[in-house]
Amino acid sequence: MTSAPSRKTDIVTNALTIDVEDYFQVSALAPHFPKESWNDTPCRVERNVLKILELLDRSGARGTFFTLGWIAERYPKLIRAIAEQGHEVASHGYGHQRASDQTPEAFLADIQLAKAVLEDIAGCEVRGYRAPSFSVGLSNPWAHGCIEAAGYTYSSSVYPVKHDHYGVPDAPRFPYAVGKGLVEIPITTVRRFGRNWPVGGGGYFRLLPYPVSAWGIRKVNQEDRRPAIFYFHPWEIDPEQPVVKEATAKTRFRHYVNLDRTEGRLVRLLQDFSWGRMDEVFLPAVTASN
Ligand SMILES: [Zn+2]
């Protein structure tokens, strides 16, 4: 980890992505927030997304917001603000159910509904999809076919790492075709000691010191000569969110660790690297190489 400090000007534009869901929709907390309770649970997503928009605006960064249809229906103004400020509105499905927990028919219906709802509200085409909890993998080889059938151009649903809840450790680390008209754009990893290590955000960004993520992104930019993809959630910059005391110790640790440090780390990340939308960072290169 001895790379020279980066300057924004000498590096590629990476893709910044935000999975727009609220704290009570997170898969690990699902047992404590059944779907029937969502309507009566106080939302915090709007203020958190507004804060993110402000941070991006201040740093001149653009990003892709993979948004739940459920959220878009309740906060249409927020979705329009995302689009109006130059960011990409993409889909995180409608109801945040893992693809691997659904039948192909139910999965297809969910992602078609989300695309229609988001396009209607944002007033633009929704080309990208990210499965909840990166739940596209070996157990559901049909999923990419559904994503293509629903009319998406790219998916960012595979994390090529070993993890207890998701991941395909042997999946390609960089964009690859998964159908005639669909490309999978995996979350960023670095290759060390014969395996892939996650450096693309989520819980690892909160758990590990900031320089680890910065080092990983720089390695991908400089060694692999590829743009990186980073992801986070609005609830990760919200240390005031209600705490689910009944959750297991492991879930509580993973969900709540360093929430109060994430915003500061994000500000550094926005300063240290150049950030853009998924479609602008990846789709021109994919189209050119096909
Ligand atoms: Zn999610």
# chains A, B, ... in the order shown; residues from 1 in each chain; ligands from 1

$ closest_atom_pairs --of "chain A" --to "ligand 1" --cutoff "10 Å" --atoms "only C-alpha atoms and all ligand atoms" --output "tab-separated table"
residue	atom	partner	partner_atom_place_in_ligand_line	distance
A:Ile18	CA	ligand 1	1 (Zn)	9.2
A:Asp19	CA	ligand 1	1 (Zn)	5.6
A:Val20	CA	ligand 1	1 (Zn)	7.1
A:Glu21	CA	ligand 1	1 (Zn)	6.1
A:Asp22	CA	ligand 1	1 (Zn)	8.7
A:Tyr23	CA	ligand 1	1 (Zn)	9.6
A:Gln25	CA	ligand 1	1 (Zn)	7.4
A:Val26	CA	ligand 1	1 (Zn)	6.1
A:Ser27	CA	ligand 1	1 (Zn)	7.2
A:Phe66	CA	ligand 1	1 (Zn)	8.5
A:Thr67	CA	ligand 1	1 (Zn)	8.6
A:Leu68	CA	ligand 1	1 (Zn)	8.1
A:His92	CA	ligand 1	1 (Zn)	6.7
A:Gly93	CA	ligand 1	1 (Zn)	8.8
A:Gly95	CA	ligand 1	1 (Zn)	9.6
A:His96	CA	ligand 1	1 (Zn)	6.3
A:Gln97	CA	ligand 1	1 (Zn)	8.7
A:Arg98	CA	ligand 1	1 (Zn)	8.8
A:Arg130	CA	ligand 1	1 (Zn)	8.2
A:Ala131	CA	ligand 1	1 (Zn)	7.2
A:Pro132	CA	ligand 1	1 (Zn)	4.2
A:Ser133	CA	ligand 1	1 (Zn)	5.5
A:Phe134	CA	ligand 1	1 (Zn)	8.1
A:Ser135	CA	ligand 1	1 (Zn)	9.8
A:Phe232	CA	ligand 1	1 (Zn)	9.4
A:His233	CA	ligand 1	1 (Zn)	7.7

$ residues_around --residues "Tyr204 of chain A" --least-positions-apart "5" --cutoff "10 Å" --atoms "only C-alpha atoms" --output "PyMOL selection string"
chain A and resi 198-199+209-210+212-213+254+257

$ write_last_selection --atoms "N, CA and C atoms" --output "PDB file, in the first residue's frame"
ATOM      1  N   PRO A 198     -12.607  -7.820  -2.011  1.00  0.00           N
ATOM      2  CA  PRO A 198     -13.562  -6.751  -2.306  1.00  0.00           C
ATOM      3  C   PRO A 198     -13.004  -5.384  -1.944  1.00  0.00           C
ATOM      4  N   VAL A 199     -13.041  -4.465  -2.909  1.00  0.00           N
ATOM      5  CA  VAL A 199     -12.628  -3.093  -2.604  1.00  0.00           C
ATOM      6  C   VAL A 199     -13.664  -2.100  -3.127  1.00  0.00           C
ATOM      7  N   PRO A 209     -10.038   0.461   7.248  1.00  0.00           N
ATOM      8  CA  PRO A 209      -9.615   1.866   7.139  1.00  0.00           C
ATOM      9  C   PRO A 209      -9.724   2.363   5.697  1.00  0.00           C
ATOM     10  N   TYR A 210      -9.990   3.643   5.532  1.00  0.00           N
ATOM     11  CA  TYR A 210     -10.162   4.243   4.202  1.00  0.00           C
ATOM     12  C   TYR A 210      -9.023   3.907   3.229  1.00  0.00           C
ATOM     13  N   VAL A 212      -7.396   1.385   2.590  1.00  0.00           N
ATOM     14  CA  VAL A 212      -7.504   0.067   1.947  1.00  0.00           C
ATOM     15  C   VAL A 212      -8.330   0.185   0.667  1.00  0.00           C
ATOM     16  N   SER A 213      -9.487   0.855   0.767  1.00  0.00           N
ATOM     17  CA  SER A 213     -10.328   1.028  -0.422  1.00  0.00           C
ATOM     18  C   SER A 213      -9.622   1.880  -1.468  1.00  0.00           C
ATOM     19  N   ARG A 254     -22.317  -5.870  11.376  1.00  0.00           N
ATOM     20  CA  ARG A 254     -22.176  -5.557   9.945  1.00  0.00           C
ATOM     21  C   ARG A 254     -22.969  -4.315   9.544  1.00  0.00           C
ATOM     22  N   VAL A 257     -21.537  -0.939  12.104  1.00  0.00           N
ATOM     23  CA  VAL A 257     -20.144  -0.576  12.354  1.00  0.00           C
ATOM     24  C   VAL A 257     -19.753   0.690  11.561  1.00  0.00           C
TER      25      VAL A 257
END

$ residues_around --residues "Trp215 of chain A" --least-positions-apart "2" --cutoff "12 Å" --atoms "only C-alpha atoms" --output "short mmCIF file (atom, residue, chain, number, x, y, z; two decimals) with N, CA and C atoms, in the first residue's frame"
data_model
loop_
_atom_site.label_atom_id
_atom_site.label_comp_id
_atom_site.auth_asym_id
_atom_site.auth_seq_id
_atom_site.Cartn_x
_atom_site.Cartn_y
_atom_site.Cartn_z
N MET A 1 0.82 -1.21 0.00
CA MET A 1 0.00 0.00 0.00
C MET A 1 0.85 1.26 0.00
N THR A 2 1.78 1.32 -0.95
CA THR A 2 2.70 2.44 -0.94
C THR A 2 2.56 3.30 -2.19
N SER A 3 1.42 3.15 -2.90
CA SER A 3 1.24 3.95 -4.11
C SER A 3 1.32 5.43 -3.78
N ALA A 4 1.81 6.18 -4.75
CA ALA A 4 1.85 7.63 -4.56
C ALA A 4 0.43 8.17 -4.46
N PRO A 5 0.26 9.25 -3.72
CA PRO A 5 -1.09 9.80 -3.62
C PRO A 5 -1.62 10.17 -5.01
N SER A 6 -2.89 9.86 -5.24
CA SER A 6 -3.42 10.13 -6.57
C SER A 6 -3.86 11.57 -6.67
N THR A 189 -12.96 -5.70 -7.52
CA THR A 189 -12.13 -6.49 -6.61
C THR A 189 -10.67 -6.28 -7.00
N VAL A 190 -9.77 -6.60 -6.07
CA VAL A 190 -8.35 -6.70 -6.46
C VAL A 190 -7.93 -8.15 -6.33
N TRP A 197 -10.34 -9.88 -3.75
CA TRP A 197 -10.65 -9.19 -2.50
C TRP A 197 -11.55 -8.00 -2.80
N PRO A 198 -12.61 -7.82 -2.01
CA PRO A 198 -13.56 -6.75 -2.31
C PRO A 198 -13.00 -5.38 -1.94
N VAL A 199 -13.04 -4.46 -2.91
CA VAL A 199 -12.63 -3.09 -2.60
C VAL A 199 -13.66 -2.10 -3.13
N GLY A 200 -14.84 -2.63 -3.50
CA GLY A 200 -15.85 -1.80 -4.16
C GLY A 200 -16.92 -1.26 -3.25
N PHE A 205 -16.11 -1.06 3.26
CA PHE A 205 -15.68 0.35 3.28
C PHE A 205 -15.83 0.92 4.69
N LEU A 208 -13.11 -1.49 7.16
CA LEU A 208 -11.66 -1.34 6.99
C LEU A 208 -11.29 0.13 6.89
N PRO A 209 -10.04 0.46 7.25
CA PRO A 209 -9.61 1.87 7.14
C PRO A 209 -9.72 2.36 5.70
N TYR A 210 -9.99 3.64 5.53
CA TYR A 210 -10.16 4.24 4.20
C TYR A 210 -9.02 3.91 3.23
N PRO A 211 -7.75 3.96 3.65
CA PRO A 211 -6.67 3.72 2.67
C PRO A 211 -6.76 2.36 1.98
N VAL A 212 -7.40 1.39 2.59
CA VAL A 212 -7.50 0.07 1.95
C VAL A 212 -8.33 0.18 0.67
N SER A 213 -9.49 0.86 0.77
CA SER A 213 -10.33 1.03 -0.42
C SER A 213 -9.62 1.88 -1.47
N ILE A 217 -8.75 0.69 -5.32
CA ILE A 217 -9.26 1.38 -6.51
C ILE A 217 -8.10 1.83 -7.38
N ARG A 218 -7.05 2.34 -6.74
CA ARG A 218 -5.87 2.80 -7.47
C ARG A 218 -5.19 1.63 -8.20
N LYS A 219 -5.13 0.47 -7.52
CA LYS A 219 -4.52 -0.71 -8.15
C LYS A 219 -5.28 -1.09 -9.42
N VAL A 220 -6.62 -1.08 -9.34
CA VAL A 220 -7.43 -1.46 -10.50
C VAL A 220 -7.22 -0.45 -11.62
N ASN A 221 -7.17 0.82 -11.27
CA ASN A 221 -6.95 1.86 -12.28
C ASN A 221 -5.56 1.75 -12.91
N GLN A 222 -4.55 1.49 -12.08
CA GLN A 222 -3.18 1.56 -12.57
C GLN A 222 -2.65 0.21 -13.09
N GLU A 223 -2.96 -0.89 -12.39
CA GLU A 223 -2.43 -2.19 -12.80
C GLU A 223 -3.32 -2.83 -13.87
N ALA A 228 -12.98 1.50 -11.80
CA ALA A 228 -13.54 0.73 -10.68
C ALA A 228 -15.01 1.09 -10.50
N LEU A 269 -13.18 10.03 -0.60
CA LEU A 269 -13.24 9.25 -1.83
C LEU A 269 -13.62 10.13 -3.02
N ASP A 272 -10.53 12.23 -3.81
CA ASP A 272 -9.33 11.53 -4.28
C ASP A 272 -9.47 10.93 -5.68
N PHE A 273 -10.72 10.68 -6.12
CA PHE A 273 -10.92 10.04 -7.42
C PHE A 273 -11.95 10.82 -8.23
#

$ atom_distance --atom1 "atom CA of Ile237 of chain A" --atom2 "atom CA of Gly63 of chain A"
16.4 Å

$ closest_atom_pairs --of "segment 232-277 of chain A" --to "segment 30-37 of chain A" --cutoff "12 Å" --atoms "only C-alpha atoms" --output "Markdown table"
| residue | atom | partner | partner_atom | distance |
| --- | --- | --- | --- | --- |
| A:Val243 | CA | A:His32 | CA | 11.1 |
| A:Val244 | CA | A:His32 | CA | 7.7 |
| A:Lys245 | CA | A:His32 | CA | 9.9 |
| A:Glu246 | CA | A:His32 | CA | 7.9 |
| A:Ala247 | CA | A:His32 | CA | 7.5 |
| A:Thr248 | CA | A:His32 | CA | 10.8 |
| A:Thr251 | CA | A:Ala30 | CA | 11.0 |

$ residues_around --residues "Ile121 of chain A" --least-positions-apart "6" --cutoff "12 Å" --atoms "only C-alpha atoms" --output "PyMOL selection string"
chain A and resi 67+69-84+89-90+114-115

$ write_last_selection --atoms "N, CA and C atoms" --output "mmCIF file, in the first residue's frame"
data_model
loop_
_atom_site.group_PDB
_atom_site.id
_atom_site.type_symbol
_atom_site.label_atom_id
_atom_site.label_comp_id
_atom_site.auth_asym_id
_atom_site.auth_seq_id
_atom_site.Cartn_x
_atom_site.Cartn_y
_atom_site.Cartn_z
ATOM 1 N N THR A 67 -32.307 2.317 -7.817
ATOM 2 C CA THR A 67 -33.389 2.682 -6.911
ATOM 3 C C THR A 67 -34.506 1.640 -6.879
ATOM 4 N N GLY A 69 -38.271 0.413 -6.893
ATOM 5 C CA GLY A 69 -39.551 0.941 -7.366
ATOM 6 C C GLY A 69 -40.420 1.392 -6.203
ATOM 7 N N TRP A 70 -40.359 0.657 -5.098
ATOM 8 C CA TRP A 70 -41.148 0.982 -3.898
ATOM 9 C C TRP A 70 -40.805 2.383 -3.393
ATOM 10 N N ILE A 71 -39.518 2.716 -3.406
ATOM 11 C CA ILE A 71 -39.062 4.045 -2.956
ATOM 12 C C ILE A 71 -39.498 5.110 -3.962
ATOM 13 N N ALA A 72 -39.328 4.815 -5.259
ATOM 14 C CA ALA A 72 -39.650 5.802 -6.297
ATOM 15 C C ALA A 72 -41.122 6.207 -6.232
ATOM 16 N N GLU A 73 -41.999 5.249 -5.988
ATOM 17 C CA GLU A 73 -43.432 5.568 -5.912
ATOM 18 C C GLU A 73 -43.744 6.500 -4.751
ATOM 19 N N ARG A 74 -42.984 6.379 -3.682
ATOM 20 C CA ARG A 74 -43.240 7.223 -2.504
ATOM 21 C C ARG A 74 -42.513 8.564 -2.565
ATOM 22 N N TYR A 75 -41.424 8.620 -3.309
ATOM 23 C CA TYR A 75 -40.621 9.857 -3.373
ATOM 24 C C TYR A 75 -40.332 10.257 -4.822
ATOM 25 N N PRO A 76 -41.383 10.472 -5.617
ATOM 26 C CA PRO A 76 -41.153 10.784 -7.041
ATOM 27 C C PRO A 76 -40.313 12.046 -7.247
ATOM 28 N N LYS A 77 -40.503 13.049 -6.360
ATOM 29 C CA LYS A 77 -39.727 14.298 -6.516
ATOM 30 C C LYS A 77 -38.233 14.040 -6.347
ATOM 31 N N LEU A 78 -37.927 13.143 -5.424
ATOM 32 C CA LEU A 78 -36.525 12.790 -5.160
ATOM 33 C C LEU A 78 -35.902 12.139 -6.406
ATOM 34 N N ILE A 79 -36.667 11.271 -7.050
ATOM 35 C CA ILE A 79 -36.156 10.575 -8.240
ATOM 36 C C ILE A 79 -35.935 11.590 -9.362
ATOM 37 N N ARG A 80 -36.865 12.513 -9.486
ATOM 38 C CA ARG A 80 -36.695 13.531 -10.529
ATOM 39 C C ARG A 80 -35.493 14.419 -10.216
ATOM 40 N N ALA A 81 -35.265 14.711 -8.945
ATOM 41 C CA ALA A 81 -34.096 15.526 -8.568
ATOM 42 C C ALA A 81 -32.801 14.804 -8.951
ATOM 43 N N ILE A 82 -32.772 13.496 -8.733
ATOM 44 C CA ILE A 82 -31.579 12.711 -9.096
ATOM 45 C C ILE A 82 -31.311 12.866 -10.591
ATOM 46 N N ALA A 83 -32.358 12.693 -11.403
ATOM 47 C CA ALA A 83 -32.205 12.777 -12.864
ATOM 48 C C ALA A 83 -31.840 14.201 -13.296
ATOM 49 N N GLU A 84 -32.531 15.180 -12.696
ATOM 50 C CA GLU A 84 -32.292 16.573 -13.105
ATOM 51 C C GLU A 84 -30.868 17.027 -12.788
ATOM 52 N N VAL A 89 -30.554 7.322 -13.308
ATOM 53 C CA VAL A 89 -31.530 6.564 -12.521
ATOM 54 C C VAL A 89 -31.536 5.140 -13.065
ATOM 55 N N ALA A 90 -31.215 4.182 -12.216
ATOM 56 C CA ALA A 90 -31.224 2.769 -12.596
ATOM 57 C C ALA A 90 -32.103 2.006 -11.605
ATOM 58 N N ALA A 114 -40.417 -2.490 -11.743
ATOM 59 C CA ALA A 114 -39.485 -1.442 -11.293
ATOM 60 C C ALA A 114 -39.067 -0.557 -12.456
ATOM 61 N N LYS A 115 -38.757 -1.170 -13.592
ATOM 62 C CA LYS A 115 -38.318 -0.389 -14.767
ATOM 63 C C LYS A 115 -39.425 0.560 -15.216
#

$ closest_residue --among "A:Val161, A:Ala99, A:Val117, A:Ala109" --to "Pro141 of chain A" --atoms "only C-alpha atoms"
A:Ala99

$ select_by_dssp --residues "segment 148-248 of chain A" --states "helix (DSSP H, G or I)" --output "PyMOL selection string"
chain A and resi 148-149+203-207+210-222+234-237

$ residues_around --residues "Glu88 of chain A" --least-positions-apart "4" --cutoff "10 Å" --atoms "only C-alpha atoms" --output "list in words"
Thr17, Arg62, Gly63, Thr64, Phe65, Phe66, Ile79, Ile82, Ala83, Glu84, Ala122, Cys124, Glu125, Val126, Arg127, Gly128, Gly276, Arg277, Met278, Asp279 and Glu280 of chain A

$ write_last_selection --atoms "all heavy atoms" --output "short mmCIF file (atom, residue, chain, number, x, y, z; two decimals), in the first residue's frame"
data_model
loop_
_atom_site.label_atom_id
_atom_site.label_comp_id
_atom_site.auth_asym_id
_atom_site.auth_seq_id
_atom_site.Cartn_x
_atom_site.Cartn_y
_atom_site.Cartn_z
N THR A 17 -21.81 4.29 -7.43
CA THR A 17 -23.18 3.77 -7.45
C THR A 17 -23.78 3.76 -6.05
O THR A 17 -23.09 3.51 -5.05
CB THR A 17 -23.24 2.35 -8.05
OG1 THR A 17 -22.62 1.41 -7.17
CG2 THR A 17 -22.55 2.29 -9.40
N ARG A 62 -20.59 12.63 -10.57
CA ARG A 62 -21.85 12.07 -11.04
C ARG A 62 -21.91 10.61 -10.61
O ARG A 62 -20.88 9.99 -10.37
CB ARG A 62 -21.93 12.13 -12.57
CG ARG A 62 -21.98 13.53 -13.11
CD ARG A 62 -23.44 13.99 -13.30
NE ARG A 62 -23.53 15.43 -13.52
CZ ARG A 62 -23.42 16.01 -14.70
NH1 ARG A 62 -23.22 15.29 -15.76
NH2 ARG A 62 -23.51 17.32 -14.82
N GLY A 63 -23.12 10.07 -10.57
CA GLY A 63 -23.23 8.67 -10.17
C GLY A 63 -24.49 8.02 -10.70
O GLY A 63 -25.31 8.66 -11.38
N THR A 64 -24.63 6.74 -10.39
CA THR A 64 -25.80 5.96 -10.78
C THR A 64 -26.55 5.55 -9.52
O THR A 64 -25.96 4.98 -8.60
CB THR A 64 -25.37 4.71 -11.57
OG1 THR A 64 -24.82 5.14 -12.81
CG2 THR A 64 -26.55 3.80 -11.85
N PHE A 65 -27.85 5.85 -9.49
CA PHE A 65 -28.68 5.53 -8.33
C PHE A 65 -29.57 4.33 -8.66
O PHE A 65 -30.59 4.46 -9.34
CB PHE A 65 -29.53 6.75 -7.96
CG PHE A 65 -28.75 7.88 -7.35
CD1 PHE A 65 -27.86 8.64 -8.12
CD2 PHE A 65 -28.90 8.21 -5.99
CE1 PHE A 65 -27.13 9.68 -7.55
CE2 PHE A 65 -28.17 9.25 -5.42
CZ PHE A 65 -27.29 9.99 -6.20
N PHE A 66 -29.17 3.15 -8.20
CA PHE A 66 -29.98 1.94 -8.38
C PHE A 66 -31.11 2.00 -7.34
O PHE A 66 -30.88 1.79 -6.14
CB PHE A 66 -29.13 0.69 -8.17
CG PHE A 66 -28.12 0.44 -9.25
CD1 PHE A 66 -26.80 0.81 -9.08
CD2 PHE A 66 -28.50 -0.14 -10.45
CE1 PHE A 66 -25.86 0.58 -10.08
CE2 PHE A 66 -27.57 -0.38 -11.47
CZ PHE A 66 -26.25 -0.01 -11.27
N ILE A 79 -36.67 11.27 -7.05
CA ILE A 79 -36.16 10.57 -8.24
C ILE A 79 -35.94 11.59 -9.36
O ILE A 79 -34.92 11.54 -10.08
CB ILE A 79 -37.16 9.48 -8.70
CG1 ILE A 79 -37.49 8.54 -7.53
CG2 ILE A 79 -36.63 8.71 -9.91
CD1 ILE A 79 -36.31 8.03 -6.75
N ILE A 82 -32.77 13.50 -8.73
CA ILE A 82 -31.58 12.71 -9.10
C ILE A 82 -31.31 12.87 -10.59
O ILE A 82 -30.18 13.16 -11.02
CB ILE A 82 -31.79 11.21 -8.74
CG1 ILE A 82 -31.84 11.02 -7.21
CG2 ILE A 82 -30.71 10.33 -9.36
CD1 ILE A 82 -32.29 9.63 -6.76
N ALA A 83 -32.36 12.69 -11.40
CA ALA A 83 -32.20 12.78 -12.86
C ALA A 83 -31.84 14.20 -13.30
O ALA A 83 -30.95 14.40 -14.13
CB ALA A 83 -33.49 12.31 -13.55
N GLU A 84 -32.53 15.18 -12.70
CA GLU A 84 -32.29 16.57 -13.10
C GLU A 84 -30.87 17.03 -12.79
O GLU A 84 -30.33 17.92 -13.44
CB GLU A 84 -33.30 17.50 -12.41
CG GLU A 84 -34.65 17.54 -13.14
CD GLU A 84 -35.78 18.00 -12.23
OE1 GLU A 84 -35.49 18.57 -11.14
OE2 GLU A 84 -36.95 17.79 -12.60
N ALA A 122 -39.01 9.16 -13.67
CA ALA A 122 -37.80 9.91 -14.05
C ALA A 122 -37.92 10.53 -15.44
O ALA A 122 -37.22 11.49 -15.75
CB ALA A 122 -36.58 8.97 -14.00
N CYS A 124 -37.05 9.12 -18.24
CA CYS A 124 -35.96 8.71 -19.13
C CYS A 124 -35.82 7.19 -19.09
O CYS A 124 -36.36 6.54 -18.19
CB CYS A 124 -34.64 9.39 -18.73
SG CYS A 124 -34.21 9.14 -17.02
N GLU A 125 -35.09 6.66 -20.06
CA GLU A 125 -34.92 5.21 -20.12
C GLU A 125 -34.05 4.71 -18.96
O GLU A 125 -33.06 5.34 -18.61
CB GLU A 125 -34.27 4.81 -21.47
CG GLU A 125 -34.30 3.31 -21.68
CD GLU A 125 -33.44 2.84 -22.85
OE1 GLU A 125 -32.87 3.68 -23.57
OE2 GLU A 125 -33.35 1.61 -23.02
N VAL A 126 -34.46 3.60 -18.37
CA VAL A 126 -33.68 2.98 -17.30
C VAL A 126 -32.95 1.78 -17.91
O VAL A 126 -33.57 0.82 -18.34
CB VAL A 126 -34.61 2.56 -16.14
CG1 VAL A 126 -33.90 1.61 -15.19
CG2 VAL A 126 -35.11 3.79 -15.40
N ARG A 127 -31.63 1.88 -17.97
CA ARG A 127 -30.85 0.86 -18.68
C ARG A 127 -30.16 -0.14 -17.74
O ARG A 127 -29.79 -1.23 -18.15
CB ARG A 127 -29.78 1.54 -19.55
CG ARG A 127 -30.39 2.51 -20.56
CD ARG A 127 -29.33 3.38 -21.20
NE ARG A 127 -28.64 2.66 -22.26
CZ ARG A 127 -27.53 3.09 -22.85
NH1 ARG A 127 -26.99 4.22 -22.48
NH2 ARG A 127 -26.96 2.39 -23.80
N GLY A 128 -29.96 0.27 -16.51
CA GLY A 128 -29.18 -0.57 -15.60
C GLY A 128 -30.01 -1.22 -14.52
O GLY A 128 -31.01 -0.67 -14.06
N GLY A 276 -18.08 8.99 -12.14
CA GLY A 276 -19.11 9.20 -13.14
C GLY A 276 -20.21 8.15 -13.05
O GLY A 276 -20.22 7.31 -12.15
N ARG A 277 -21.14 8.21 -14.01
CA ARG A 277 -22.28 7.30 -14.06
C ARG A 277 -21.86 5.98 -14.71
O ARG A 277 -21.01 5.96 -15.59
CB ARG A 277 -23.40 7.91 -14.92
CG ARG A 277 -23.88 9.25 -14.50
CD ARG A 277 -24.56 10.02 -15.64
NE ARG A 277 -25.47 9.22 -16.48
CZ ARG A 277 -26.68 9.62 -16.86
NH1 ARG A 277 -27.13 10.81 -16.49
NH2 ARG A 277 -27.42 8.86 -17.63
N MET A 278 -22.52 4.90 -14.33
CA MET A 278 -22.24 3.58 -14.91
C MET A 278 -22.34 3.61 -16.43
O MET A 278 -21.47 3.09 -17.12
CB MET A 278 -23.23 2.54 -14.37
CG MET A 278 -23.01 2.12 -12.95
SD MET A 278 -21.57 1.05 -12.73
CE MET A 278 -22.22 -0.53 -13.26
N ASP A 279 -23.44 4.17 -16.94
CA ASP A 279 -23.64 4.12 -18.40
C ASP A 279 -22.54 4.90 -19.12
O ASP A 279 -22.06 4.46 -20.17
CB ASP A 279 -25.05 4.61 -18.79
CG ASP A 279 -25.36 6.03 -18.31
OD1 ASP A 279 -24.58 6.60 -17.51
OD2 ASP A 279 -26.41 6.58 -18.71
N GLU A 280 -22.11 6.02 -18.56
CA GLU A 280 -21.09 6.82 -19.24
C GLU A 280 -19.69 6.21 -19.10
O GLU A 280 -18.87 6.32 -19.99
CB GLU A 280 -21.12 8.26 -18.71
CG GLU A 280 -22.39 8.97 -19.15
CD GLU A 280 -22.54 10.38 -18.59
OE1 GLU A 280 -21.69 10.83 -17.79
OE2 GLU A 280 -23.53 11.03 -18.95
#

$ closest_residue --among "A:Pro239, A:Gly194, A:Gly203, A:Gly151" --to "Gly179 of chain A" --atoms "only C-alpha atoms"
A:Gly151

$ select_by_dssp --residues "segment 36-271 of chain A" --states "strand (DSSP E)" --output "list in words"
Thr64, Phe65, Phe66, Thr67, Glu88, Val89, Ala90, Ser91, Gly128, Tyr129, Tyr154, Ser155, Tyr176, Ala177, Val183, Glu184, Thr189, Val190, Arg191, Arg192, Arg195, Asn196, Trp197, Pro198, Ile229, Phe230, Tyr231 and Phe232 of chain A

$ residues_around --residues "segment 100-102 of chain A" --least-positions-apart "2" --cutoff "9 Å" --atoms "only C-alpha atoms" --output "list in words"
Gln97, Arg98, Pro104, Glu105, Ala106, Phe107, Ser135, Val136, Gly137, Ser139, Asn140 and Ala143 of chain A

$ closest_residue --among "A:Phe24, A:Ala214, A:Ile52, A:Glu119" --to "Asn39 of chain A" --atoms "only C-alpha atoms"
A:Phe24

$ residues_around --residues "Phe230 of chain A" --least-positions-apart "5" --cutoff "7 Å" --atoms "only C-alpha atoms" --output "short mmCIF file (atom, residue, chain, number, x, y, z; two decimals) with N, CA and C atoms, in the first residue's frame"
data_model
loop_
_atom_site.label_atom_id
_atom_site.label_comp_id
_atom_site.auth_asym_id
_atom_site.auth_seq_id
_atom_site.Cartn_x
_atom_site.Cartn_y
_atom_site.Cartn_z
N ALA A 15 -16.85 4.50 -11.58
CA ALA A 15 -18.31 4.57 -11.48
C ALA A 15 -18.75 4.56 -10.01
N LEU A 16 -19.50 5.60 -9.64
CA LEU A 16 -20.02 5.70 -8.29
C LEU A 16 -21.47 5.22 -8.30
N THR A 17 -21.81 4.29 -7.43
CA THR A 17 -23.18 3.77 -7.45
C THR A 17 -23.78 3.76 -6.05
N ILE A 187 -18.89 -5.69 -9.47
CA ILE A 187 -18.30 -4.80 -8.47
C ILE A 187 -16.80 -5.07 -8.38
N THR A 188 -16.07 -4.02 -8.07
CA THR A 188 -14.61 -4.08 -8.15
C THR A 188 -13.94 -4.92 -7.07
N GLY A 200 -14.84 -2.63 -3.50
CA GLY A 200 -15.85 -1.80 -4.16
C GLY A 200 -16.92 -1.26 -3.25
N GLY A 201 -16.67 -1.20 -1.96
CA GLY A 201 -17.63 -0.53 -1.09
C GLY A 201 -18.43 -1.45 -0.19
#

$ closest_residue --among "A:Leu118, A:Glu236, A:Leu138, A:Tyr152" --to "Asp170 of chain A" --atoms "only C-alpha atoms"
A:Leu138

$ atom_distance --atom1 "atom CA of Tyr159 of chain A" --atom2 "atom CA of Pro242 of chain A"
28.4 Å

$ atom_distance --atom1 "atom CA of Ala61 of chain A" --atom2 "atom CA of Leu207 of chain A"
23.9 Å
